[in-house]
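See structure below.
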Amino acid sequence: MASLERPDGEQRAALVHDMSESGALVLVRTTKVAVNDEVALLLHPTQQSDDPTRIAHGVIVRVEELPADDSGPWMRRVAIRFHEPVRMIDSEIAGFRERARRLGIG
């Protein structure tokens, strides 16, 4: 799971759909995002409370509205280009994959 911090400082739930060192494609529950917005993606690789949250700063390069009939709680698909590469260790990647599998999206 993840959350997206908008330019106004508000955080909204996000679901990582795809991610690389240079960026991420996330589903978000907000309409208040636009191309060129500076955002922070707060990554929660596991559900363990003592695991650190990773923060990736970047810029939104694409925003797509999702159809209401089959998007569940998500309102937008957002592509973010990170300012610096995000490197994760194997256990963090495995945590994301396991959560995606349990949610039926992996």
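Letters A, B, ... go to the chains of the structure tokens in the order shown; residues in each chain start at 1; ligands are counted from 1 in the same order.
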### Task
Just the residues within 7 Å of A:Glu64, please, counting only C-alpha atoms, with nothing from its chain fewer than 6 positions along; format it as a PyMOL selection string.
chain A and resi 76-78
Save out the residues we just selected, C-alpha atoms, as a tab-separated table (two decimals), in the first residue's frame.
```
chain	number	residue	atom	x	y	z
A	76	ARG	CA	-7.45	8.38	-11.02
A	77	ARG	CA	-4.48	6.52	-12.47
A	78	VAL	CA	-1.40	8.70	-11.92
```
### Task
Mind checking which residues fall within 12 Å of A:Asp8, counting only C-alpha atoms, ignoring those fewer than 4 positions away in the same chain, and posting them as number ranges by chain?
A: 4, 12, 32-33, 37-40
Keeping only N, CA and C atoms, take the residues you just selected and write them out as a tab-separated table (two decimals), in the first residue's frame.
```tsv
chain	number	residue	atom	x	y	z
A	4	LEU	N	-0.38	9.08	-1.29
A	4	LEU	CA	0.12	10.16	-2.12
A	4	LEU	C	-0.08	11.47	-1.38
A	12	ARG	N	-3.60	11.09	0.49
A	12	ARG	CA	-4.70	10.24	0.05
A	12	ARG	C	-4.19	8.83	-0.20
A	32	LYS	N	-7.83	15.92	-6.96
A	32	LYS	CA	-7.05	17.15	-6.86
A	32	LYS	C	-5.57	16.92	-7.17
A	33	VAL	N	-5.31	16.33	-8.34
A	33	VAL	CA	-3.95	16.15	-8.83
A	33	VAL	C	-3.93	16.51	-10.31
A	37	ASP	N	2.31	18.54	-11.06
A	37	ASP	CA	2.26	18.68	-9.60
A	37	ASP	C	3.46	17.98	-8.98
A	38	GLU	N	4.08	18.62	-8.00
A	38	GLU	CA	5.14	18.02	-7.21
A	38	GLU	C	4.47	17.25	-6.07
A	39	VAL	N	4.78	15.96	-5.95
A	39	VAL	CA	4.13	15.12	-4.96
A	39	VAL	C	5.16	14.26	-4.23
A	40	ALA	N	4.71	13.64	-3.16
A	40	ALA	CA	5.51	12.64	-2.45
A	40	ALA	C	4.70	11.36	-2.41
```
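Closest approach to A:Ser3 among A:Val35, A:Ala79, A:Val86, A:Val28: A:Val28, based on only C-alpha atoms.
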### Secondary structure check, strand (DSSP E or B) residues of stretch 30-74 of chain A, as a list in words
Glu38, Val39, Ala40, Leu41, Leu42, Leu43, Arg54, Ile55, Ala56, His57, Gly58, Val59, Ile60, Val61, Arg62, Val63, Glu64 and Glu65 of chain A
Written file, previous selection with N, CA and C atoms, as an mmCIF file, in the first residue's frame:
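Wrote it out as part.cif, contents follow:
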```
data_model
loop_
_atom_site.group_PDB
_atom_site.id
_atom_site.type_symbol
_atom_site.label_atom_id
_atom_site.label_comp_id
_atom_site.auth_asym_id
_atom_site.auth_seq_id
_atom_site.Cartn_x
_atom_site.Cartn_y
_atom_site.Cartn_z
ATOM 1 N N GLU A 38 4.080 18.625 -8.001
ATOM 2 C CA GLU A 38 5.145 18.016 -7.208
ATOM 3 C C GLU A 38 4.472 17.255 -6.069
ATOM 4 N N VAL A 39 4.780 15.964 -5.950
ATOM 5 C CA VAL A 39 4.131 15.119 -4.958
ATOM 6 C C VAL A 39 5.159 14.264 -4.235
ATOM 7 N N ALA A 40 4.713 13.640 -3.160
ATOM 8 C CA ALA A 40 5.515 12.641 -2.454
ATOM 9 C C ALA A 40 4.699 11.360 -2.414
ATOM 10 N N LEU A 41 5.340 10.258 -2.739
ATOM 11 C CA LEU A 41 4.707 8.951 -2.654
ATOM 12 C C LEU A 41 5.272 8.266 -1.424
ATOM 13 N N LEU A 42 4.417 7.997 -0.448
ATOM 14 C CA LEU A 42 4.834 7.341 0.785
ATOM 15 C C LEU A 42 4.562 5.854 0.616
ATOM 16 N N LEU A 43 5.625 5.074 0.607
ATOM 17 C CA LEU A 43 5.536 3.644 0.335
ATOM 18 C C LEU A 43 5.588 2.857 1.636
ATOM 19 N N ARG A 54 8.993 4.407 3.138
ATOM 20 C CA ARG A 54 9.901 5.024 2.159
ATOM 21 C C ARG A 54 9.168 6.195 1.530
ATOM 22 N N ILE A 55 9.862 7.293 1.327
ATOM 23 C CA ILE A 55 9.254 8.472 0.705
ATOM 24 C C ILE A 55 9.989 8.772 -0.592
ATOM 25 N N ALA A 56 9.239 8.819 -1.684
ATOM 26 C CA ALA A 56 9.800 9.131 -2.998
ATOM 27 C C ALA A 56 9.168 10.430 -3.492
ATOM 28 N N HIS A 57 9.986 11.420 -3.739
ATOM 29 C CA HIS A 57 9.499 12.705 -4.248
ATOM 30 C C HIS A 57 9.576 12.698 -5.767
ATOM 31 N N GLY A 58 8.557 13.285 -6.398
ATOM 32 C CA GLY A 58 8.554 13.313 -7.849
ATOM 33 C C GLY A 58 7.542 14.283 -8.413
ATOM 34 N N VAL A 59 7.354 14.170 -9.715
ATOM 35 C CA VAL A 59 6.432 15.038 -10.435
ATOM 36 C C VAL A 59 5.434 14.167 -11.194
ATOM 37 N N ILE A 60 4.181 14.583 -11.208
ATOM 38 C CA ILE A 60 3.158 13.855 -11.949
ATOM 39 C C ILE A 60 3.326 14.143 -13.433
ATOM 40 N N VAL A 61 3.408 13.073 -14.233
ATOM 41 C CA VAL A 61 3.582 13.230 -15.684
ATOM 42 C C VAL A 61 2.344 12.807 -16.466
ATOM 43 N N ARG A 62 1.408 12.121 -15.810
ATOM 44 C CA ARG A 62 0.163 11.728 -16.489
ATOM 45 C C ARG A 62 -0.920 11.479 -15.453
ATOM 46 N N VAL A 63 -2.142 11.908 -15.775
ATOM 47 C CA VAL A 63 -3.314 11.658 -14.936
ATOM 48 C C VAL A 63 -4.420 11.142 -15.832
ATOM 49 N N GLU A 64 -4.992 9.991 -15.473
ATOM 50 C CA GLU A 64 -6.104 9.422 -16.236
ATOM 51 C C GLU A 64 -7.289 9.208 -15.310
ATOM 52 N N GLU A 65 -8.452 9.654 -15.727
ATOM 53 C CA GLU A 65 -9.668 9.398 -14.961
ATOM 54 C C GLU A 65 -10.066 7.947 -15.176
#
```
### Task
Kindly give the distance, in Å, that separates atom CA of A:Asn36 and atom CA of A:Met1, rounded to a single decimal.
23.3 Å
#### Entry: Separation of atom CA of A:Arg29 from atom CA of A:Arg81, in Å and rounded to one decimal
18.9 Å
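Atom pair atom CA of A:Glu5 / atom CA of A:Asp69 has a distance of 25.9 Å (rounded to one decimal).
Nearest to A:Val26 of all the residues A:Gly9, A:Arg102, A:Met75, A:Thr53 is A:Met75, based on only C-alpha atoms.
Near A:Val16, within 7 Å and counting only C-alpha atoms, sit A:Met1, A:Ala2, A:Ala14, A:Asp18, A:Met19, A:Leu25, A:Val26, A:Leu27; same-chain residues fewer than 2 positions away were not included.
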